[in-house]
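Colleague: The structure's right below; bear with me while I get my questions together.
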Amino acid sequence: MTEPVLVVDMGSWAMSAAVLVRDQLHLLREPLTGAVRWPAGASLDPAPGRPRLTAGAAAERLRDEHPRHYVDGVRRAVDANAPMWLGDQLINGTELVTAALGAIIEEAGRRHGRIARLVVTVPAAYRTHDPRRELLVSAAAVAGFPDVELVHDPAAAVADPVAALEVVEGGYLLVCDLGATWSATLTQLQHGVPVPLSQESSGSGRDLDVVLAADLRAKLAQWVEPAFTAGGDVSVRAGFHALDIVRRVKHQLSEALEATDRIEPGAPPYTMSRDVLDQLTEPANRWLIASCRAVIARAGIVPADVAAVLLVGGSAHLPSVAPALRHGLNRPVTRPAEPELAVLRGAARLSGGRAGRALPADPAPWRVEPLAWTVPGGRGRLVRWLVKEGEGYPQGAPLAQVRTADDRVFDLTAGRTDGVLLEHRVPIGGMVVSGAAAAHVRISPTVERFQLAKRHHLRVTGDWLLMPDRRTLVECSRTGEYVKVRSIDSGALVTELRPGRGAGRPEHGQVLLGPNHQLSLVTWDAAGHFCVWDVLSGRMTSSFSDAQRPDAVLVNEGEWRLVATGEGAASVGRYRRDVATVWDLATGERLDRVVGEDLTRRFTGYTGSSRADAFATEMSTPDGRLTAAVLDGSIRVRDVETSSEVFRADLAPARQVRTAFCHEGRHLLARCTDDEGTSVDVWEVLQPA
């Protein structure tokens, strides 16, 4: 890597930045103070003419003159997803973040020349498709970086080279990021990448500062009370100064047993001991331990499953935090040197992997010459075309850039031959979908012969569902303990749902396709407690309880209703009759109650498994050139044009065998179900270029 990359850790009230040049990280200091940490505030300069936003230490200097034109953290407007008043002007989050990024980018350019790329960290609470992520991307685009990449804070913290953590594949790590906002995030290492599973956050850091400021106000009431009660700019300015003092004192107490500061020359000193600070920190510590236990339980594991607790952020210096976590969770606690820079260092390390994220074009499965790419997550938004229509390109050249849902940017590269780009099929800002033609090119004709190569074998004790669009596989535990969505080409985990225990631990589960093709999970236990979950968001959409113990559970996906039958659950004279209760899965309301015998036959359209499953006994590729069929315990593939068999695979004995091609015909799948579980075999359809 030779082009400079600017990495920015944008915290709630402080920022840090560094420039990565030839794998060397250069911290970017605030130009006025020389400090590594930049104030994250912004001021609206009310000078004559058009008001101008100022960020960093320059904004803090303007704060004393115009305190009501200042906000002490530009990300506050982003977190709230709402504009803020600075003086008499309403300023939105994009404008505030653009001002902060602009100041850092200007200083980076002055010291290191033209910056090629920008990476910005975001809290774990900014999940995929969160509008706050879009706001940050928009701000970066205004600042000149439409291809900005966003990196989750906890993922960056785990990657911090100073922490030197060793976590095995599939291992769990708890990240406690303590700044103005305190957060606890459980991460799991998946394919070498730390993935956030669940998180909780609060304003504990800011709340602690407010408590300390109140302590200062009480101890120095004779000196500061007139300013606090004066109103207007004087009171606002006094509040900012009090926070500045207690933050300095708090930082001193990380190394000293007692700290002193003065509000102004000649005033009595404000003194605090470490013991008092520990007492005031105790409520925040209790919240942190409770949140750590909550995110662990939400993932269906116990604290003993967590390899370690990683403590980062400015408030990680608080003396009482690490011992409280160690005692409360009984897990080892790691706090790297300069924990306030851990996220920045880790984000820089992750950004260095961009060179390995070039996506070569998929071999074209059609007789025409389109170009399609397999994009992580199934789709991504086109950032820009790098080759114009009508221009030629060499083999392997980058043709375009695409942004995935987690805000990573990939280069879309050409195939293994030179060519001319004839047509852009996707406009800038449009979606590049895996397997769908994004461009048309002209290349030298090649001779095509079909070959199939085994890629992976996946086996579970539960069931497999192929989504109707044939883009992803869904793995479901029969107990409803989890649902995993996997990509077909690599088998990699795309997303995972592990239902919480709020309505009791599930004992049964069924994956279904709800309204608007929403992937859903219905779970229930022996007592008749039902929950409905949105798999992609992880949100429980409804819940209800049947008065009878369910004997059979059937679902109508079209009407989005569930019927639960209880054998012998009602008395009619001297006889016991079955009872069937019909529930609305969208609302959890009971719609009907039927008493009788052999009730399951009365409900047409209700089944015990999803009808949206795309596996079948016979299927053709989208272009109609190949057909696959199940015959005598084997999968056989035929070339339609030549009527010849090009592939055969003998499968293990199974109760049921089904097959399918993925949406673009590049992968063949076979699902085998037996008494112990279900397996899926995947072959890649190869065509030499």
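FYI, nothing fancy with the structure tokens labels: chains A, B, ... in order, residues from 1 per chain, ligands from 1 as they appear.
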Per DSSP on the backbone, filter range 309-509 of chain A down to the residues in strand (DSSP E) and report them as a PyMOL selection string.
Modeller: chain A and resi 309-312+333-334+358-360+370-371+379-385+392-393+398-404+409-413+419-424+431-433+439-442+451-460+463-466+472-476+483-487+493-497+508-509
Colleague: List the neighbours of Phe240 in chain A out to 12 Å using only C-alpha atoms; skip same-chain residues closer than 5 positions along the sequence, and give me the result as a ChimeraX atom specification.
Modeller: /A:41,60-61,63-64,66-68,70-72,209-210,213,227-228,233-235,245-247,263
Colleague: What does the file look like for those residues with N, CA and C atoms, as a PDB file, in the first residue's frame?
Modeller:
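Written output follows (part12.pdb):
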ATOM      1  N   GLY A  41     -16.119  18.803  19.145  1.00  0.00           N
ATOM      2  CA  GLY A  41     -17.144  19.830  19.097  1.00  0.00           C
ATOM      3  C   GLY A  41     -17.080  20.666  17.834  1.00  0.00           C
ATOM      4  N   GLU A  60     -13.433  25.194  20.117  1.00  0.00           N
ATOM      5  CA  GLU A  60     -13.427  25.385  21.572  1.00  0.00           C
ATOM      6  C   GLU A  60     -13.064  26.818  21.938  1.00  0.00           C
ATOM      7  N   ARG A  61     -12.180  27.429  21.170  1.00  0.00           N
ATOM      8  CA  ARG A  61     -11.815  28.817  21.454  1.00  0.00           C
ATOM      9  C   ARG A  61     -12.978  29.760  21.180  1.00  0.00           C
ATOM     10  N   ARG A  63     -15.978  28.871  21.577  1.00  0.00           N
ATOM     11  CA  ARG A  63     -17.006  28.507  22.549  1.00  0.00           C
ATOM     12  C   ARG A  63     -17.106  29.514  23.683  1.00  0.00           C
ATOM     13  N   ASP A  64     -15.972  30.011  24.175  1.00  0.00           N
ATOM     14  CA  ASP A  64     -16.007  30.936  25.297  1.00  0.00           C
ATOM     15  C   ASP A  64     -16.692  32.244  24.923  1.00  0.00           C
ATOM     16  N   HIS A  66     -18.998  32.570  22.288  1.00  0.00           N
ATOM     17  CA  HIS A  66     -20.387  32.302  21.888  1.00  0.00           C
ATOM     18  C   HIS A  66     -20.760  30.883  22.328  1.00  0.00           C
ATOM     19  N   PRO A  67     -20.966  30.641  23.613  1.00  0.00           N
ATOM     20  CA  PRO A  67     -21.190  29.266  24.100  1.00  0.00           C
ATOM     21  C   PRO A  67     -22.434  28.598  23.537  1.00  0.00           C
ATOM     22  N   ARG A  68     -23.458  29.388  23.229  1.00  0.00           N
ATOM     23  CA  ARG A  68     -24.680  28.768  22.709  1.00  0.00           C
ATOM     24  C   ARG A  68     -24.604  28.469  21.218  1.00  0.00           C
ATOM     25  N   TYR A  70     -22.202  26.511  20.213  1.00  0.00           N
ATOM     26  CA  TYR A  70     -21.252  25.391  20.272  1.00  0.00           C
ATOM     27  C   TYR A  70     -21.974  24.100  20.668  1.00  0.00           C
ATOM     28  N   VAL A  71     -21.577  23.000  20.046  1.00  0.00           N
ATOM     29  CA  VAL A  71     -22.024  21.669  20.448  1.00  0.00           C
ATOM     30  C   VAL A  71     -20.771  20.858  20.766  1.00  0.00           C
ATOM     31  N   ASP A  72     -20.783  20.152  21.917  1.00  0.00           N
ATOM     32  CA  ASP A  72     -19.560  19.497  22.378  1.00  0.00           C
ATOM     33  C   ASP A  72     -19.326  18.133  21.747  1.00  0.00           C
ATOM     34  N   ASP A 209     -19.473  12.485  34.103  1.00  0.00           N
ATOM     35  CA  ASP A 209     -18.951  13.849  34.058  1.00  0.00           C
ATOM     36  C   ASP A 209     -19.929  14.834  34.684  1.00  0.00           C
ATOM     37  N   VAL A 210     -21.218  14.641  34.457  1.00  0.00           N
ATOM     38  CA  VAL A 210     -22.232  15.522  35.042  1.00  0.00           C
ATOM     39  C   VAL A 210     -22.228  15.397  36.565  1.00  0.00           C
ATOM     40  N   ALA A 213     -19.222  17.206  37.820  1.00  0.00           N
ATOM     41  CA  ALA A 213     -19.437  18.656  37.740  1.00  0.00           C
ATOM     42  C   ALA A 213     -20.343  19.125  38.876  1.00  0.00           C
ATOM     43  N   ALA A 227     -22.184  32.233  38.673  1.00  0.00           N
ATOM     44  CA  ALA A 227     -22.125  32.024  37.221  1.00  0.00           C
ATOM     45  C   ALA A 227     -23.196  31.036  36.765  1.00  0.00           C
ATOM     46  N   PHE A 228     -23.407  29.956  37.548  1.00  0.00           N
ATOM     47  CA  PHE A 228     -24.404  28.959  37.157  1.00  0.00           C
ATOM     48  C   PHE A 228     -25.819  29.518  37.205  1.00  0.00           C
ATOM     49  N   ASP A 233     -25.596  33.224  28.352  1.00  0.00           N
ATOM     50  CA  ASP A 233     -24.290  32.710  27.960  1.00  0.00           C
ATOM     51  C   ASP A 233     -23.414  32.405  29.165  1.00  0.00           C
ATOM     52  N   VAL A 234     -23.569  33.171  30.233  1.00  0.00           N
ATOM     53  CA  VAL A 234     -22.715  32.987  31.412  1.00  0.00           C
ATOM     54  C   VAL A 234     -22.913  31.596  32.006  1.00  0.00           C
ATOM     55  N   SER A 235     -24.170  31.139  32.134  1.00  0.00           N
ATOM     56  CA  SER A 235     -24.442  29.820  32.707  1.00  0.00           C
ATOM     57  C   SER A 235     -23.966  28.699  31.786  1.00  0.00           C
ATOM     58  N   ILE A 245     -12.850  20.960  33.669  1.00  0.00           N
ATOM     59  CA  ILE A 245     -12.043  20.764  34.883  1.00  0.00           C
ATOM     60  C   ILE A 245     -12.175  19.337  35.389  1.00  0.00           C
ATOM     61  N   VAL A 246     -13.415  18.822  35.495  1.00  0.00           N
ATOM     62  CA  VAL A 246     -13.587  17.482  36.072  1.00  0.00           C
ATOM     63  C   VAL A 246     -13.007  16.417  35.144  1.00  0.00           C
ATOM     64  N   ARG A 247     -12.981  16.641  33.847  1.00  0.00           N
ATOM     65  CA  ARG A 247     -12.360  15.675  32.946  1.00  0.00           C
ATOM     66  C   ARG A 247     -10.851  15.651  33.142  1.00  0.00           C
ATOM     67  N   ILE A 263     -10.561  26.521  39.051  1.00  0.00           N
ATOM     68  CA  ILE A 263     -11.470  27.056  38.049  1.00  0.00           C
ATOM     69  C   ILE A 263     -10.926  28.354  37.452  1.00  0.00           C
TER      70      ILE A 263
END
Colleague: Skip range 400-417 of chain A itself and residues of its chain fewer than 5 positions away, then list as a PyMOL selection string all residues within 9 Å of it, counting only C-alpha atoms.
Modeller: chain A and resi 127-129+133+137+147-152+354+357-363+371+373+375-387+393-395+431-432+443-444+689
Colleague: Fewer than 6 positions away in the same chain doesn't count, so skip those; otherwise give me all residues within 8 Å of Thr587 in chain A, counting only C-alpha atoms, as a ChimeraX atom specification.
Modeller: /A:541-543
Colleague: List every residue of range 5-116 of chain A that DSSP, applied to the backbone of this structure, assigns to helix (DSSP H, G or I), and report them as an MDAnalysis selection string.
Modeller: chainID A and resid 57:65 67:69 75:80 93:112
Colleague: Would you mind listing what lies within 10 Å of Glu618 in chain A as a list in words, with only C-alpha atoms counted and same-chain residues fewer than 3 positions away left out?
Modeller: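 Final neighbour list, sorted by chain and number: Phe615, Thr627, Ala628, Ala629, Val630, Leu631, Ile635, Arg636, Val637, Arg658, Thr659, Ala660 and Phe661 of chain A.
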Colleague: Within 7 Å of range 422-426 of chain A, counting only C-alpha atoms, which residues qualify if same-chain residues fewer than 6 places away don't, as number ranges by chain?
Modeller: A: 389-390, 432, 438-442
Colleague: Check the smallest atom-to-atom distance from each of A:Ala242, A:Leu186, A:Cys672, A:Val224 to Val211 in chain A using only C-alpha atoms, then report the winner.
Modeller: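 The closest residue to Val211 in chain A is A:Ala242.
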Colleague: Would you mind telling me which residue in A:Val685, A:Leu318, A:Ala616, A:Ala55 lies nearest to Leu466 in chain A when using only C-alpha atoms?
Modeller: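 The shortest atom-to-atom distance to Leu466 in chain A comes from A:Ala616.
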Colleague: Please identify every residue of range 617-683 of chain A that has at least one atom no farther than 8 Å from an atom of range 470-492 of chain A, counting only C-alpha atoms, and for each give the shortest atom pair and the distance in Å to one decimal, arranged by chain then increasing number, as JSON lines.
Modeller:
{"residue": "A:Phe661", "atom": "CA", "partner": "A:Arg470", "partner_atom": "CA", "distance": 7.5}
{"residue": "A:Cys662", "atom": "CA", "partner": "A:Arg470", "partner_atom": "CA", "distance": 5.0}
{"residue": "A:His663", "atom": "CA", "partner": "A:Arg470", "partner_atom": "CA", "distance": 5.0}
{"residue": "A:His667", "atom": "CA", "partner": "A:Asp489", "partner_atom": "CA", "distance": 7.1}
{"residue": "A:Val682", "atom": "CA", "partner": "A:Ile488", "partner_atom": "CA", "distance": 7.5}
Colleague: Have a look at A:Ser351, A:Asp244, A:Gly596, A:Leu562 and name the one nearest to Arg577 in chain A; count only C-alpha atoms.
Modeller: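 Smallest separation from Arg577 in chain A among the options: A:Gly596.
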Colleague: If you measure from CA of Asn516 in chain A to CA of Trp560 in chain A, what distance in Å do you get, rounded to one decimal?
Modeller: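 Computing it gives 10.9 Å between the two atoms.
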